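Source file: work.pdb. Holds: PDB, C-alpha atoms, pLDDT in the B column.
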ATOM      1  CA  MET A   1      25.993 189.384 241.785  1.00 61.00           C
ATOM      2  CA  GLY A   2      23.062 187.340 243.122  1.00 79.00           C
ATOM      3  CA  VAL A   3      23.126 183.656 243.966  1.00 83.00           C
ATOM      4  CA  LYS A   4      21.114 182.740 240.884  1.00 84.00           C
ATOM      5  CA  GLU A   5      23.528 184.613 238.624  1.00 88.00           C
ATOM      6  CA  THR A   6      26.544 183.067 240.382  1.00 87.00           C
ATOM      7  CA  VAL A   7      25.204 179.533 239.903  1.00 86.00           C
ATOM      8  CA  LYS A   8      24.512 180.271 236.231  1.00 87.00           C
ATOM      9  CA  GLU A   9      28.061 181.596 235.626  1.00 89.00           C
ATOM     10  CA  ASN A  10      29.611 178.609 237.397  1.00 86.00           C
ATOM     11  CA  LEU A  11      27.535 176.134 235.387  1.00 89.00           C
ATOM     12  CA  ILE A  12      28.785 177.689 232.139  1.00 90.00           C
ATOM     13  CA  ARG A  13      32.397 177.987 233.311  1.00 88.00           C
ATOM     14  CA  LEU A  14      32.686 174.429 234.621  1.00 87.00           C
ATOM     15  CA  ARG A  15      31.141 172.893 231.531  1.00 88.00           C
ATOM     16  CA  ARG A  16      33.566 174.787 229.329  1.00 89.00           C
ATOM     17  CA  GLU A  17      36.552 173.957 231.538  1.00 87.00           C
ATOM     18  CA  HIS A  18      35.739 170.263 231.089  1.00 87.00           C
ATOM     19  CA  LYS A  19      35.320 170.827 227.329  1.00 88.00           C
ATOM     20  CA  LEU A  20      31.750 169.560 227.201  1.00 89.00           C
ATOM     21  CA  THR A  21      28.938 170.720 224.980  1.00 91.00           C
ATOM     22  CA  GLN A  22      25.451 171.061 226.406  1.00 89.00           C
ATOM     23  CA  LEU A  23      24.446 167.895 224.538  1.00 90.00           C
ATOM     24  CA  GLU A  24      27.435 165.903 225.900  1.00 90.00           C
ATOM     25  CA  LEU A  25      26.713 167.097 229.439  1.00 88.00           C
ATOM     26  CA  SER A  26      23.038 166.175 229.093  1.00 88.00           C
ATOM     27  CA  GLU A  27      23.988 162.609 228.166  1.00 89.00           C
ATOM     28  CA  LYS A  28      26.220 162.317 231.227  1.00 88.00           C
ATOM     29  CA  ILE A  29      23.639 163.503 233.760  1.00 88.00           C
ATOM     30  CA  ASN A  30      20.481 162.252 232.019  1.00 89.00           C
ATOM     31  CA  TYR A  31      18.975 165.691 231.460  1.00 89.00           C
ATOM     32  CA  SER A  32      17.902 167.242 228.173  1.00 89.00           C
ATOM     33  CA  ASP A  33      20.170 169.780 226.530  1.00 87.00           C
ATOM     34  CA  LYS A  34      17.229 172.219 226.655  1.00 90.00           C
ATOM     35  CA  ALA A  35      17.174 171.948 230.466  1.00 89.00           C
ATOM     36  CA  ILE A  36      20.901 172.708 230.585  1.00 89.00           C
ATOM     37  CA  SER A  37      20.372 175.649 228.254  1.00 90.00           C
ATOM     38  CA  ARG A  38      17.697 177.026 230.590  1.00 91.00           C
ATOM     39  CA  TRP A  39      20.110 176.665 233.560  1.00 90.00           C
ATOM     40  CA  GLU A  40      22.854 178.559 231.748  1.00 89.00           C
ATOM     41  CA  THR A  41      20.552 181.358 230.650  1.00 89.00           C
ATOM     42  CA  GLY A  42      19.365 181.774 234.243  1.00 86.00           C
ATOM     43  CA  GLU A  43      15.812 180.970 233.360  1.00 88.00           C
ATOM     44  CA  VAL A  44      15.809 178.034 235.788  1.00 88.00           C
ATOM     45  CA  THR A  45      18.182 177.181 238.667  1.00 87.00           C
ATOM     46  CA  PRO A  46      18.969 173.468 239.239  1.00 88.00           C
ATOM     47  CA  ASP A  47      17.837 171.982 242.529  1.00 88.00           C
ATOM     48  CA  VAL A  48      20.342 170.862 245.199  1.00 87.00           C
ATOM     49  CA  GLU A  49      20.289 167.192 244.121  1.00 89.00           C
ATOM     50  CA  THR A  50      21.175 168.152 240.556  1.00 89.00           C
ATOM     51  CA  LEU A  51      23.957 170.421 241.759  1.00 89.00           C
ATOM     52  CA  GLU A  52      25.344 167.563 243.890  1.00 90.00           C
ATOM     53  CA  HIS A  53      25.315 165.330 240.818  1.00 88.00           C
ATOM     54  CA  LEU A  54      27.153 167.974 238.794  1.00 90.00           C
ATOM     55  CA  ALA A  55      29.636 168.573 241.614  1.00 88.00           C
ATOM     56  CA  GLU A  56      30.430 164.847 241.697  1.00 89.00           C
ATOM     57  CA  LEU A  57      30.908 164.870 237.913  1.00 88.00           C
ATOM     58  CA  TYR A  58      33.281 167.848 238.027  1.00 87.00           C
ATOM     59  CA  GLY A  59      35.082 166.672 241.158  1.00 85.00           C
ATOM     60  CA  ILE A  60      34.308 169.777 243.213  1.00 86.00           C
ATOM     61  CA  PRO A  61      32.351 170.528 246.407  1.00 85.00           C
ATOM     62  CA  VAL A  62      28.752 171.552 245.818  1.00 85.00           C
ATOM     63  CA  THR A  63      29.440 174.879 247.556  1.00 84.00           C
ATOM     64  CA  SER A  64      31.618 175.895 244.595  1.00 83.00           C
ATOM     65  CA  PHE A  65      28.477 176.652 242.591  1.00 83.00           C
ATOM     66  CA  PHE A  66      27.610 179.409 245.050  1.00 84.00           C
ATOM     67  CA  LEU A  67      31.027 181.110 244.998  1.00 82.00           C
ATOM     68  CA  SER A  68      32.068 183.717 242.491  1.00 75.00           C
ATOM     69  CA  ALA A  69      35.007 183.125 240.153  1.00 63.00           C
ATOM     70  CA  GLY A  70      37.236 185.255 242.341  1.00 62.00           C
ATOM     71  CA  GLU A  71      36.343 183.275 245.447  1.00 63.00           C
ATOM     72  CA  GLN A  72      37.258 179.851 244.137  1.00 61.00           C
ATOM     73  CA  LEU A  73      40.191 178.186 242.496  1.00 55.00           C
ATOM     74  CA  SER A  74      40.426 177.606 238.778  1.00 55.00           C
ATOM     75  CA  LYS A  75      40.704 174.093 237.366  1.00 53.00           C
ATOM     76  CA  LYS A  76      44.478 174.403 236.961  1.00 58.00           C
ATOM     77  CA  GLU A  77      44.850 175.717 240.494  1.00 63.00           C
ATOM     78  CA  ARG A  78      42.758 172.825 241.867  1.00 61.00           C
ATOM     79  CA  LYS A  79      44.965 170.330 240.027  1.00 65.00           C
ATOM     80  CA  LEU A  80      48.073 172.058 241.333  1.00 68.00           C
ATOM     81  CA  GLN A  81      46.632 172.010 244.853  1.00 64.00           C
ATOM     82  CA  LYS A  82      45.900 168.267 244.579  1.00 70.00           C
ATOM     83  CA  ARG A  83      49.391 167.540 243.278  1.00 75.00           C
ATOM     84  CA  THR A  84      50.941 169.587 246.067  1.00 74.00           C
ATOM     85  CA  ALA A  85      48.861 167.702 248.650  1.00 72.00           C
ATOM     86  CA  LYS A  86      49.891 164.340 247.179  1.00 79.00           C
ATOM     87  CA  ALA A  87      53.559 165.347 247.112  1.00 80.00           C
ATOM     88  CA  GLN A  88      53.315 166.499 250.718  1.00 79.00           C
ATOM     89  CA  LYS A  89      51.756 163.162 251.752  1.00 81.00           C
ATOM     90  CA  LYS A  90      54.530 161.232 249.980  1.00 83.00           C
ATOM     91  CA  THR A  91      57.158 163.366 251.708  1.00 82.00           C
ATOM     92  CA  GLU A  92      55.538 162.785 255.093  1.00 82.00           C
ATOM     93  CA  LYS A  93      55.343 159.015 254.489  1.00 83.00           C
ATOM     94  CA  LYS A  94      59.000 158.969 253.445  1.00 82.00           C
ATOM     95  CA  GLU A  95      60.015 160.895 256.549  1.00 82.00           C
ATOM     96  CA  VAL A  96      58.061 158.472 258.769  1.00 83.00           C
ATOM     97  CA  ARG A  97      59.642 155.489 256.994  1.00 81.00           C
ATOM     98  CA  ASP A  98      63.154 156.963 257.310  1.00 78.00           C
ATOM     99  CA  LYS A  99      62.606 157.610 261.021  1.00 76.00           C
ATOM    100  CA  ALA A 100      61.372 154.048 261.505  1.00 73.00           C
ATOM    101  CA  GLU A 101      64.408 152.644 259.675  1.00 71.00           C
ATOM    102  CA  LYS A 102      66.752 154.782 261.749  1.00 68.00           C
ATOM    103  CA  SER A 103      65.091 153.700 264.985  1.00 61.00           C
ATOM    104  CA  GLU A 104      65.280 150.045 263.940  1.00 59.00           C
ATOM    105  CA  SER A 105      68.907 150.223 262.780  1.00 55.00           C
ATOM    106  CA  LYS A 106      71.337 148.806 265.273  1.00 53.00           C
ATOM    107  CA  PRO A 107      73.729 151.240 266.963  1.00 60.00           C
ATOM    108  CA  LYS A 108      77.428 150.814 266.304  1.00 67.00           C
ATOM    109  CA  ASP A 109      79.111 148.354 268.631  1.00 70.00           C
ATOM    110  CA  PRO A 110      82.118 150.050 270.272  1.00 78.00           C
ATOM    111  CA  THR A 111      83.588 146.652 271.214  1.00 81.00           C
ATOM    112  CA  ARG A 112      83.753 145.398 267.617  1.00 81.00           C
ATOM    113  CA  PRO A 113      87.409 146.437 266.912  1.00 87.00           C
ATOM    114  CA  ARG A 114      88.468 144.715 270.128  1.00 88.00           C
ATOM    115  CA  ARG A 115      86.585 141.516 269.240  1.00 86.00           C
ATOM    116  CA  ILE A 116      88.097 141.416 265.753  1.00 89.00           C
ATOM    117  CA  ALA A 117      91.563 141.942 267.225  1.00 91.00           C
ATOM    118  CA  LEU A 118      90.968 139.029 269.643  1.00 91.00           C
ATOM    119  CA  LEU A 119      89.807 136.818 266.763  1.00 89.00           C
ATOM    120  CA  ILE A 120      92.925 137.611 264.723  1.00 92.00           C
ATOM    121  CA  PHE A 121      95.079 137.015 267.815  1.00 93.00           C
ATOM    122  CA  ALA A 122      93.425 133.608 268.376  1.00 91.00           C
ATOM    123  CA  LEU A 123      94.018 132.595 264.737  1.00 91.00           C
ATOM    124  CA  CYS A 124      97.666 133.716 264.921  1.00 93.00           C
ATOM    125  CA  LEU A 125      98.085 131.744 268.138  1.00 93.00           C
ATOM    126  CA  LEU A 126      96.505 128.670 266.526  1.00 91.00           C
ATOM    127  CA  TRP A 127      98.851 128.724 263.535  1.00 92.00           C
ATOM    128  CA  THR A 128     101.838 129.431 265.764  1.00 94.00           C
ATOM    129  CA  ALA A 129     100.905 126.260 267.649  1.00 92.00           C
ATOM    130  CA  ALA A 130     100.549 124.345 264.348  1.00 89.00           C
ATOM    131  CA  LEU A 131     103.959 125.573 263.181  1.00 92.00           C
ATOM    132  CA  SER A 132     105.560 124.697 266.527  1.00 92.00           C
ATOM    133  CA  LEU A 133     104.039 121.209 266.401  1.00 90.00           C
ATOM    134  CA  PHE A 134     105.399 120.760 262.891  1.00 89.00           C
ATOM    135  CA  PHE A 135     108.955 121.599 264.019  1.00 90.00           C
ATOM    136  CA  ILE A 136     108.668 119.270 267.016  1.00 91.00           C
ATOM    137  CA  LEU A 137     107.411 116.337 264.943  1.00 87.00           C
ATOM    138  CA  ALA A 138     109.925 117.009 262.162  1.00 87.00           C
ATOM    139  CA  ALA A 139     112.741 117.117 264.714  1.00 89.00           C
ATOM    140  CA  ALA A 140     111.527 113.776 266.068  1.00 87.00           C
ATOM    141  CA  GLY A 141     111.861 112.348 262.569  1.00 85.00           C
ATOM    142  CA  LEU A 142     108.162 111.693 261.957  1.00 82.00           C
ATOM    143  CA  PRO A 143     107.423 111.609 258.192  1.00 80.00           C
ATOM    144  CA  ARG A 144     103.960 113.139 258.471  1.00 79.00           C
ATOM    145  CA  ALA A 145     104.849 116.199 260.512  1.00 84.00           C
ATOM    146  CA  TRP A 146     103.192 118.401 257.882  1.00 83.00           C
ATOM    147  CA  TYR A 147      99.807 116.996 258.964  1.00 86.00           C
ATOM    148  CA  SER A 148      99.844 119.666 261.663  1.00 88.00           C
ATOM    149  CA  PHE A 149      99.134 122.232 258.921  1.00 88.00           C
ATOM    150  CA  ILE A 150      96.294 120.110 257.515  1.00 88.00           C
ATOM    151  CA  TRP A 151      94.605 119.978 260.932  1.00 89.00           C
ATOM    152  CA  GLY A 152      95.206 123.687 261.324  1.00 90.00           C
ATOM    153  CA  VAL A 153      92.643 124.365 258.578  1.00 91.00           C
ATOM    154  CA  PRO A 154      89.596 122.759 260.311  1.00 91.00           C
ATOM    155  CA  ALA A 155      90.838 124.229 263.598  1.00 92.00           C
ATOM    156  CA  THR A 156      90.715 127.674 261.961  1.00 93.00           C
ATOM    157  CA  PHE A 157      87.175 127.119 260.738  1.00 90.00           C
ATOM    158  CA  ALA A 158      86.209 125.788 264.178  1.00 91.00           C
ATOM    159  CA  THR A 159      87.421 129.057 265.729  1.00 91.00           C
ATOM    160  CA  LEU A 160      85.504 131.140 263.168  1.00 90.00           C
ATOM    161  CA  THR A 161      82.375 129.004 263.619  1.00 89.00           C
ATOM    162  CA  LEU A 162      82.514 129.507 267.371  1.00 88.00           C
ATOM    163  CA  TYR A 163      83.049 133.260 266.988  1.00 88.00           C
ATOM    164  CA  PHE A 164      80.163 133.855 264.587  1.00 86.00           C
ATOM    165  CA  GLY A 165      77.961 131.433 266.506  1.00 82.00           C
ATOM    166  CA  ILE A 166      78.390 133.502 269.650  1.00 81.00           C
ATOM    167  CA  ARG A 167      77.767 136.702 267.677  1.00 75.00           C
ATOM    168  CA  ARG A 168      74.640 135.084 266.147  1.00 76.00           C
ATOM    169  CA  HIS A 169      75.533 135.792 262.524  1.00 79.00           C
ATOM    170  CA  ALA A 170      73.402 132.952 261.197  1.00 81.00           C
ATOM    171  CA  VAL A 171      74.498 132.903 257.545  1.00 84.00           C
ATOM    172  CA  THR A 172      78.227 133.323 258.253  1.00 87.00           C
ATOM    173  CA  PHE A 173      77.977 130.738 261.028  1.00 86.00           C
ATOM    174  CA  ARG A 174      76.480 128.155 258.639  1.00 87.00           C
ATOM    175  CA  VAL A 175      79.145 128.865 256.006  1.00 89.00           C
ATOM    176  CA  PHE A 176      82.038 128.300 258.408  1.00 89.00           C
ATOM    177  CA  LEU A 177      80.298 125.288 259.948  1.00 89.00           C
ATOM    178  CA  SER A 178      80.072 123.710 256.487  1.00 90.00           C
ATOM    179  CA  LEU A 179      83.759 124.444 255.851  1.00 90.00           C
ATOM    180  CA  LEU A 180      84.628 122.981 259.254  1.00 90.00           C
ATOM    181  CA  ILE A 181      82.809 119.720 258.489  1.00 89.00           C
ATOM    182  CA  TRP A 182      84.322 119.222 255.039  1.00 88.00           C
ATOM    183  CA  THR A 183      87.896 120.175 256.018  1.00 90.00           C
ATOM    184  CA  ALA A 184      87.678 117.967 259.123  1.00 88.00           C
ATOM    185  CA  LEU A 185      86.528 115.012 256.982  1.00 86.00           C
ATOM    186  CA  VAL A 186      89.318 115.618 254.444  1.00 86.00           C
ATOM    187  CA  ALA A 187      91.933 115.911 257.226  1.00 85.00           C
ATOM    188  CA  THR A 188      90.652 112.674 258.797  1.00 85.00           C
ATOM    189  CA  TYR A 189      90.755 110.891 255.443  1.00 81.00           C
ATOM    190  CA  LEU A 190      94.331 112.049 254.792  1.00 82.00           C
ATOM    191  CA  GLN A 191      95.338 111.035 258.306  1.00 79.00           C
ATOM    192  CA  ILE A 192      94.114 107.483 257.798  1.00 78.00           C
ATOM    193  CA  ALA A 193      94.581 107.301 254.006  1.00 66.00           C
ATOM    194  CA  ILE A 194      96.483 104.076 254.425  1.00 58.00           C
ATOM    195  CA  TRP A 195      93.149 102.399 255.209  1.00 58.00           C
ATOM    196  CA  LYS A 196      91.581 103.727 251.965  1.00 65.00           C
ATOM    197  CA  LEU A 197      88.412 104.950 253.659  1.00 65.00           C
ATOM    198  CA  PHE A 198      87.327 107.251 250.838  1.00 65.00           C
ATOM    199  CA  PRO A 199      83.587 106.682 251.635  1.00 72.00           C
ATOM    200  CA  LEU A 200      84.261 108.600 254.862  1.00 69.00           C
ATOM    201  CA  LEU A 201      83.897 111.817 252.838  1.00 71.00           C
ATOM    202  CA  PHE A 202      80.271 110.931 252.053  1.00 76.00           C
ATOM    203  CA  LEU A 203      79.433 111.685 255.691  1.00 77.00           C
ATOM    204  CA  GLY A 204      79.603 115.343 254.737  1.00 77.00           C
ATOM    205  CA  ILE A 205      76.497 115.074 252.528  1.00 82.00           C
ATOM    206  CA  PRO A 206      73.905 114.413 255.296  1.00 84.00           C
ATOM    207  CA  LEU A 207      75.694 116.835 257.621  1.00 80.00           C
ATOM    208  CA  GLN A 208      75.638 119.546 254.944  1.00 81.00           C
ATOM    209  CA  THR A 209      71.934 118.852 254.332  1.00 86.00           C
ATOM    210  CA  VAL A 210      71.184 119.380 258.022  1.00 83.00           C
ATOM    211  CA  ILE A 211      73.048 122.714 257.949  1.00 80.00           C
ATOM    212  CA  LEU A 212      71.066 123.871 254.911  1.00 80.00           C
ATOM    213  CA  LEU A 213      67.779 122.922 256.599  1.00 82.00           C
ATOM    214  CA  LEU A 214      68.593 124.696 259.888  1.00 75.00           C
ATOM    215  CA  PRO A 215      66.930 128.048 258.987  1.00 75.00           C
ATOM    216  CA  PHE A 216      63.710 126.298 257.921  1.00 74.00           C
ATOM    217  CA  LEU A 217      63.600 124.212 261.095  1.00 68.00           C
ATOM    218  CA  LYS A 218      64.009 127.335 263.245  1.00 60.00           C
ATOM    219  CA  LYS A 219      61.226 129.191 261.398  1.00 53.00           C
ATOM    220  CA  LYS A 220      58.871 126.243 261.852  1.00 49.00           C
ATOM    221  CA  ASN A 221      59.621 126.074 265.572  1.00 46.00           C
TER     222      ASN A 221
END

Written as structure tokens, how would this file's structure read?
Amino acid sequence: MGVKETVKENLIRLRREHKLTQLELSEKINYSDKAISRWETGEVTPDVETLEHLAELYGIPVTSFFLSAGEQLSKKERKLQKRTAKAQKKTEKKEVRDKAEKSESKPKDPTRPRRIALLIFALCLLWTAALSLFFILAAAGLPRAWYSFIWGVPATFATLTLYFGIRRHAVTFRVFLSLLIWTALVATYLQIAIWKLFPLLFLGIPLQTVILLLPFLKKKN
């Protein structure tokens, strides 16, 4: 089959694949339907510029007009090829993203069980000291020996605040710091309740505000 015949067959096939009549195609490319009819009968062969315009309309390379039906992909095969290429690109992007996430993820800390054990040991030691102080004060006949347990609460939060502050767990650190402030204020108020200094608890409001603003101050800096 000659080039002229190949171009003619491809012009007919592509127009039909896109479900266009000669009149509809003529309106899209600003040619008369008679000109298109002459192309498809082989009477006239479109010039290169016209073929480029048609190729752009059909979404194919201009060289497709010069290939026989057996040498080029059908419309369905082209769509399948495009879908396969898109799926492959998505898979590649996902693989790159997964690799990046794995590389950025922190490795497991082998010392973590030991650190947690030390934290639990410190808290047990703290409450053993609070219990021992209670027995000593109770044996001495002091009526407020149980205050040792009240002060044990802010002491616990102080230990946790120090631990998470060293480990740089910002959110957990701020939570325990807030609990430390409020429990320390309550313990102080109960310790000196005889003076009726209830407004002392209001000190926690500005301190809590500062804690809440800490992340924003760090970002600004």

For A:Gly204, list every protein, DNA or RNA residue within 9 Å, evaluated using all atoms listed in the file, and leave out those in the same chain fewer than 6 positions away; present the list as a VMD selection string.
chain A and resid 178 181 to 182 185

Identify all residues satisfying the PyMOL selection byres ((chain A and resi 184) around 12) in the given file; provide them as a PyMOL selection string.
chain A and resi 150-158+176-183+185-191+200-201+203-204

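Atom CA of A:Arg167 is positioned 28.5 Å from atom CA of A:Ser148.
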
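Between atom CA of A:Gly42 and atom CA of A:Asn10 the interatomic distance comes to 11.2 Å.
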
Two-atom distance - atom CA of A:Pro46, atom CA of A:Tyr31 (Å)
11.0 Å

Go through A:Leu20, A:Leu25, A:Leu54, A:Leu118 and flag the residue nearest A:Thr159, using all atoms listed in the file for the distances.
A:Leu118

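Residues matched by the PyMOL selection byres ((chain A and resi 122) around 12) in this file: Arg115, Ile116, Ala117, Leu118, Leu119, Ile120, Phe121, Leu123, Cys124, Leu125, Leu126, Trp127, Thr128, Ala129, Ala155, Thr156, Phe157, Ala158, Thr159, Leu160, Leu162 and Tyr163 of chain A.
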
Which of these, A:Ala139, A:Leu133, A:Ile205, A:Leu67, has the shortest distance to A:Glu9 once you count all atoms listed in the file?
A:Leu67

Spatial neighbours of A:Glu5, 10 Å, only C-alpha atoms, chain gap at least 5 places, as a list of chain:residue names:
A:Asn10, A:Leu11, A:Glu40, A:Thr41, A:Gly42, A:Thr45, A:Phe66, A:Ser68

Save out the residues we just selected, C-alpha atoms, as an mmCIF file, keeping the file's coordinate frame.
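Printed below is result06.cif as written:
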data_model
loop_
_atom_site.group_PDB
_atom_site.id
_atom_site.type_symbol
_atom_site.label_atom_id
_atom_site.label_comp_id
_atom_site.auth_asym_id
_atom_site.auth_seq_id
_atom_site.Cartn_x
_atom_site.Cartn_y
_atom_site.Cartn_z
ATOM 1 C CA ASN A 10 29.611 178.609 237.397
ATOM 2 C CA LEU A 11 27.535 176.134 235.387
ATOM 3 C CA GLU A 40 22.854 178.559 231.748
ATOM 4 C CA THR A 41 20.552 181.358 230.650
ATOM 5 C CA GLY A 42 19.365 181.774 234.243
ATOM 6 C CA THR A 45 18.182 177.181 238.667
ATOM 7 C CA PHE A 66 27.610 179.409 245.050
ATOM 8 C CA SER A 68 32.068 183.717 242.491
#
